[in-house]
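S.K.: Okay, here's the structure, questions in a sec.
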Amino acid sequence: MSEARRSIGPDHILARNPDLMWSEIDGEIVLLAADTGSYFTFDRVASDIWRQMAEPLAVRTIVDRLCQTYDAPRAVIEADAMRFLDHAVARNVVLIDG
C-alpha cells in the first residue's frame, strides 16, 4: 500500500468498490477483483453489511441496522462490524467516500 491506512469511525461514509465483481451464492456474498485475481467470501453478517451498502452509507447507520437485525449487545455488534469494515477498507473492497 502506497498511502497510509486510514482508520474509520462512526461518521465515515463507506461505499462498495465499484471495480469489484460480486455475486450472492446461498445467501453469502462472493467478490472478485479481476485485476488481481483476488476473491473474497463474506459470512452472513458481512454479506448483510455489503447488501446495506447498495448506496454509500455512514458506519453508524450500518451498525444501527445490524442492531435491529441481530440479538447481541450493541458493543459486540459494533466491534464485529468495525473489524470487518477495517479489513474491507484495508483491502480496497470498501472505500471511504470523500
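In the C-alpha cells, chains take letters A, B, ... by order of appearance, with residues numbered from 1 within each chain and ligands from 1 in the order shown.
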Considering only alpha helix (DSSP H) as DSSP defines it on the backbone, what residues of stretch 13-81 of chain A qualify? List them as a tab-separated table (two decimals) with all heavy atoms, in the first residue's frame.

M.R.:
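Result written to out27.tsv:
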chain	number	residue	atom	x	y	z
A	44	ARG	N	-22.43	-14.40	6.85
A	44	ARG	CA	-23.79	-13.85	6.82
A	44	ARG	C	-23.83	-12.37	7.22
A	44	ARG	O	-24.46	-11.56	6.55
A	44	ARG	CB	-24.71	-14.67	7.73
A	44	ARG	CG	-26.15	-14.24	7.67
A	44	ARG	CD	-27.01	-15.07	8.54
A	44	ARG	NE	-26.58	-14.88	9.92
A	44	ARG	CZ	-27.24	-15.28	10.98
A	44	ARG	NH1	-28.34	-15.94	10.83
A	44	ARG	NH2	-26.80	-15.04	12.19
A	45	VAL	N	-23.15	-12.01	8.29
A	45	VAL	CA	-23.19	-10.62	8.76
A	45	VAL	C	-22.47	-9.70	7.77
A	45	VAL	O	-22.97	-8.64	7.42
A	45	VAL	CB	-22.59	-10.49	10.18
A	45	VAL	CG1	-22.55	-9.03	10.61
A	45	VAL	CG2	-23.40	-11.32	11.18
A	46	ALA	N	-21.30	-10.09	7.31
A	46	ALA	CA	-20.58	-9.29	6.32
A	46	ALA	C	-21.41	-9.15	5.04
A	46	ALA	O	-21.43	-8.07	4.43
A	46	ALA	CB	-19.23	-9.91	6.03
A	47	SER	N	-22.11	-10.20	4.65
A	47	SER	CA	-22.99	-10.13	3.48
A	47	SER	C	-24.12	-9.14	3.72
A	47	SER	O	-24.49	-8.38	2.81
A	47	SER	CB	-23.55	-11.51	3.16
A	47	SER	OG	-22.52	-12.39	2.75
A	48	ASP	N	-24.67	-9.12	4.94
A	48	ASP	CA	-25.70	-8.14	5.28
A	48	ASP	C	-25.16	-6.71	5.17
A	48	ASP	O	-25.83	-5.82	4.64
A	48	ASP	CB	-26.24	-8.36	6.70
A	48	ASP	CG	-27.14	-9.57	6.80
A	48	ASP	OD1	-27.55	-10.12	5.74
A	48	ASP	OD2	-27.45	-9.98	7.93
A	49	ILE	N	-23.94	-6.50	5.64
A	49	ILE	CA	-23.32	-5.19	5.54
A	49	ILE	C	-23.17	-4.80	4.07
A	49	ILE	O	-23.50	-3.69	3.66
A	49	ILE	CB	-21.97	-5.15	6.28
A	49	ILE	CG1	-22.19	-5.28	7.79
A	49	ILE	CG2	-21.21	-3.87	5.94
A	49	ILE	CD1	-20.91	-5.48	8.59
A	50	TRP	N	-22.67	-5.72	3.25
A	50	TRP	CA	-22.48	-5.45	1.82
A	50	TRP	C	-23.80	-5.07	1.16
A	50	TRP	O	-23.87	-4.12	0.38
A	50	TRP	CB	-21.86	-6.67	1.14
A	50	TRP	CG	-21.55	-6.44	-0.30
A	50	TRP	CD1	-22.30	-6.84	-1.37
A	50	TRP	CD2	-20.40	-5.77	-0.84
A	50	TRP	NE1	-21.69	-6.46	-2.54
A	50	TRP	CE2	-20.52	-5.80	-2.24
A	50	TRP	CE3	-19.30	-5.15	-0.28
A	50	TRP	CZ2	-19.58	-5.23	-3.08
A	50	TRP	CZ3	-18.35	-4.59	-1.12
A	50	TRP	CH2	-18.50	-4.63	-2.51
A	51	ARG	N	-24.86	-5.81	1.47
A	51	ARG	CA	-26.17	-5.51	0.89
A	51	ARG	C	-26.64	-4.12	1.30
A	51	ARG	O	-27.23	-3.39	0.50
A	51	ARG	CB	-27.20	-6.56	1.30
A	51	ARG	CG	-27.11	-7.83	0.51
A	51	ARG	CD	-28.31	-8.75	0.82
A	51	ARG	NE	-27.85	-10.11	0.92
A	51	ARG	CZ	-27.38	-10.72	2.00
A	51	ARG	NH1	-27.33	-10.11	3.15
A	51	ARG	NH2	-26.98	-11.96	1.96
A	52	GLN	N	-26.40	-3.76	2.56
A	52	GLN	CA	-26.80	-2.43	3.04
A	52	GLN	C	-26.12	-1.32	2.25
A	52	GLN	O	-26.69	-0.25	2.06
A	52	GLN	CB	-26.41	-2.24	4.51
A	52	GLN	CG	-27.25	-2.95	5.51
A	52	GLN	CD	-26.83	-2.55	6.92
A	52	GLN	OE1	-26.63	-1.37	7.21
A	52	GLN	NE2	-26.70	-3.53	7.79
A	59	VAL	N	-21.02	4.58	8.73
A	59	VAL	CA	-20.73	3.43	9.58
A	59	VAL	C	-21.78	3.34	10.69
A	59	VAL	O	-22.28	2.26	10.99
A	59	VAL	CB	-19.30	3.53	10.17
A	59	VAL	CG1	-19.06	2.45	11.22
A	59	VAL	CG2	-18.27	3.45	9.06
A	60	ARG	N	-22.13	4.46	11.28
A	60	ARG	CA	-23.12	4.49	12.36
A	60	ARG	C	-24.46	3.88	11.90
A	60	ARG	O	-25.09	3.12	12.63
A	60	ARG	CB	-23.32	5.93	12.83
A	60	ARG	CG	-24.30	6.11	13.96
A	60	ARG	CD	-24.51	7.57	14.34
A	60	ARG	NE	-23.31	8.38	14.35
A	60	ARG	CZ	-22.41	8.43	15.35
A	60	ARG	NH1	-22.60	7.68	16.42
A	60	ARG	NH2	-21.37	9.22	15.27
A	61	THR	N	-24.87	4.20	10.70
A	61	THR	CA	-26.12	3.67	10.15
A	61	THR	C	-26.03	2.16	9.95
A	61	THR	O	-26.99	1.43	10.24
A	61	THR	CB	-26.47	4.38	8.83
A	61	THR	OG1	-26.56	5.78	9.07
A	61	THR	CG2	-27.78	3.87	8.25
A	62	ILE	N	-24.91	1.70	9.47
A	62	ILE	CA	-24.70	0.26	9.29
A	62	ILE	C	-24.87	-0.46	10.63
A	62	ILE	O	-25.59	-1.45	10.74
A	62	ILE	CB	-23.31	-0.03	8.68
A	62	ILE	CG1	-23.24	0.49	7.24
A	62	ILE	CG2	-22.99	-1.53	8.75
A	62	ILE	CD1	-21.84	0.52	6.66
A	63	VAL	N	-24.21	0.07	11.67
A	63	VAL	CA	-24.28	-0.55	12.99
A	63	VAL	C	-25.71	-0.49	13.54
A	63	VAL	O	-26.22	-1.48	14.07
A	63	VAL	CB	-23.28	0.11	13.96
A	63	VAL	CG1	-23.49	-0.39	15.39
A	63	VAL	CG2	-21.85	-0.16	13.51
A	64	ASP	N	-26.38	0.65	13.37
A	64	ASP	CA	-27.77	0.77	13.83
A	64	ASP	C	-28.65	-0.30	13.20
A	64	ASP	O	-29.46	-0.95	13.88
A	64	ASP	CB	-28.35	2.16	13.50
A	64	ASP	CG	-27.77	3.27	14.35
A	64	ASP	OD1	-27.15	2.99	15.40
A	64	ASP	OD2	-27.94	4.45	13.96
A	65	ARG	N	-28.50	-0.51	11.90
A	65	ARG	CA	-29.31	-1.50	11.19
A	65	ARG	C	-28.99	-2.92	11.65
A	65	ARG	O	-29.88	-3.76	11.78
A	65	ARG	CB	-29.12	-1.37	9.69
A	65	ARG	CG	-29.74	-0.10	9.14
A	65	ARG	CD	-29.49	0.02	7.66
A	65	ARG	NE	-30.09	1.23	7.11
A	65	ARG	CZ	-29.95	1.59	5.84
A	65	ARG	NH1	-29.26	0.84	5.00
A	65	ARG	NH2	-30.51	2.70	5.42
A	66	LEU	N	-27.71	-3.20	11.88
A	66	LEU	CA	-27.32	-4.53	12.37
A	66	LEU	C	-27.93	-4.77	13.75
A	66	LEU	O	-28.36	-5.90	14.06
A	66	LEU	CB	-25.81	-4.67	12.42
A	66	LEU	CG	-25.09	-4.72	11.08
A	66	LEU	CD1	-23.58	-4.68	11.28
A	66	LEU	CD2	-25.49	-5.95	10.28
A	67	CYS	N	-27.98	-3.75	14.58
A	67	CYS	CA	-28.56	-3.87	15.92
A	67	CYS	C	-30.05	-4.20	15.87
A	67	CYS	O	-30.58	-4.86	16.77
A	67	CYS	CB	-28.32	-2.60	16.74
A	67	CYS	SG	-26.62	-2.39	17.28
A	68	GLN	N	-30.72	-3.75	14.81
A	68	GLN	CA	-32.14	-4.06	14.64
A	68	GLN	C	-32.35	-5.49	14.15
A	68	GLN	O	-33.41	-6.07	14.34
A	68	GLN	CB	-32.79	-3.08	13.66
A	68	GLN	CG	-32.85	-1.67	14.17
A	68	GLN	CD	-33.32	-0.69	13.11
A	68	GLN	OE1	-33.62	-1.05	11.97
A	68	GLN	NE2	-33.39	0.57	13.49
A	69	THR	N	-31.33	-6.06	13.53
A	69	THR	CA	-31.43	-7.39	12.94
A	69	THR	C	-30.95	-8.50	13.87
A	69	THR	O	-31.55	-9.57	13.92
A	69	THR	CB	-30.62	-7.44	11.63
A	69	THR	OG1	-31.09	-6.42	10.75
A	69	THR	CG2	-30.72	-8.80	10.96
A	74	ARG	N	-25.00	-4.04	21.60
A	74	ARG	CA	-24.52	-3.09	20.60
A	74	ARG	C	-22.99	-3.07	20.54
A	74	ARG	O	-22.42	-3.02	19.45
A	74	ARG	CB	-25.05	-1.69	20.88
A	74	ARG	CG	-24.59	-0.70	19.82
A	74	ARG	CD	-25.12	0.72	20.06
A	74	ARG	NE	-24.67	1.59	18.99
A	74	ARG	CZ	-25.31	1.77	17.83
A	74	ARG	NH1	-26.45	1.14	17.60
A	74	ARG	NH2	-24.83	2.58	16.92
A	75	ALA	N	-22.33	-3.15	21.69
A	75	ALA	CA	-20.86	-3.10	21.71
A	75	ALA	C	-20.25	-4.26	20.93
A	75	ALA	O	-19.25	-4.09	20.23
A	75	ALA	CB	-20.35	-3.10	23.15
A	76	VAL	N	-20.87	-5.42	21.02
A	76	VAL	CA	-20.37	-6.61	20.30
A	76	VAL	C	-20.61	-6.44	18.80
A	76	VAL	O	-19.72	-6.68	17.99
A	76	VAL	CB	-21.05	-7.89	20.83
A	76	VAL	CG1	-20.72	-9.09	19.95
A	76	VAL	CG2	-20.65	-8.14	22.27
A	77	ILE	N	-21.81	-6.01	18.44
A	77	ILE	CA	-22.14	-5.81	17.03
A	77	ILE	C	-21.22	-4.75	16.42
A	77	ILE	O	-20.67	-4.93	15.33
A	77	ILE	CB	-23.62	-5.42	16.87
A	77	ILE	CG1	-24.50	-6.62	17.21
A	77	ILE	CG2	-23.91	-4.88	15.47
A	77	ILE	CD1	-25.98	-6.31	17.30
A	78	GLU	N	-21.04	-3.65	17.14
A	78	GLU	CA	-20.19	-2.57	16.64
A	78	GLU	C	-18.74	-3.03	16.46
A	78	GLU	O	-18.11	-2.75	15.43
A	78	GLU	CB	-20.25	-1.37	17.57
A	78	GLU	CG	-19.53	-0.18	17.04
A	78	GLU	CD	-19.80	1.07	17.85
A	78	GLU	OE1	-20.29	0.99	18.99
A	78	GLU	OE2	-19.52	2.16	17.31
A	79	ALA	N	-18.22	-3.76	17.45
A	79	ALA	CA	-16.84	-4.25	17.36
A	79	ALA	C	-16.67	-5.19	16.17
A	79	ALA	O	-15.68	-5.10	15.42
A	79	ALA	CB	-16.43	-4.94	18.65
A	80	ASP	N	-17.62	-6.10	15.98
A	80	ASP	CA	-17.55	-7.04	14.86
A	80	ASP	C	-17.65	-6.31	13.52
A	80	ASP	O	-16.92	-6.61	12.58
A	80	ASP	CB	-18.64	-8.10	14.97
A	80	ASP	CG	-18.39	-9.10	16.09
A	80	ASP	OD1	-17.27	-9.12	16.65
A	80	ASP	OD2	-19.33	-9.85	16.41
A	81	ALA	N	-18.58	-5.36	13.43
A	81	ALA	CA	-18.76	-4.61	12.19
A	81	ALA	C	-17.50	-3.80	11.87
A	81	ALA	O	-17.04	-3.78	10.73
A	81	ALA	CB	-19.98	-3.69	12.29

S.K.: Please report the interatomic distance between atom CA of A:Gly9 and atom CA of A:Ser23 in Å with one decimal.

M.R.: 27.6 Å

S.K.: Skip A:Leu14 itself and residues of its chain fewer than 3 positions away, then list as a ChimeraX atom specification all residues within 12 Å of it, counting only C-alpha atoms.

M.R.: /A:7-11,17-18,49-50,52-62,82,85-86,88-89,92-98
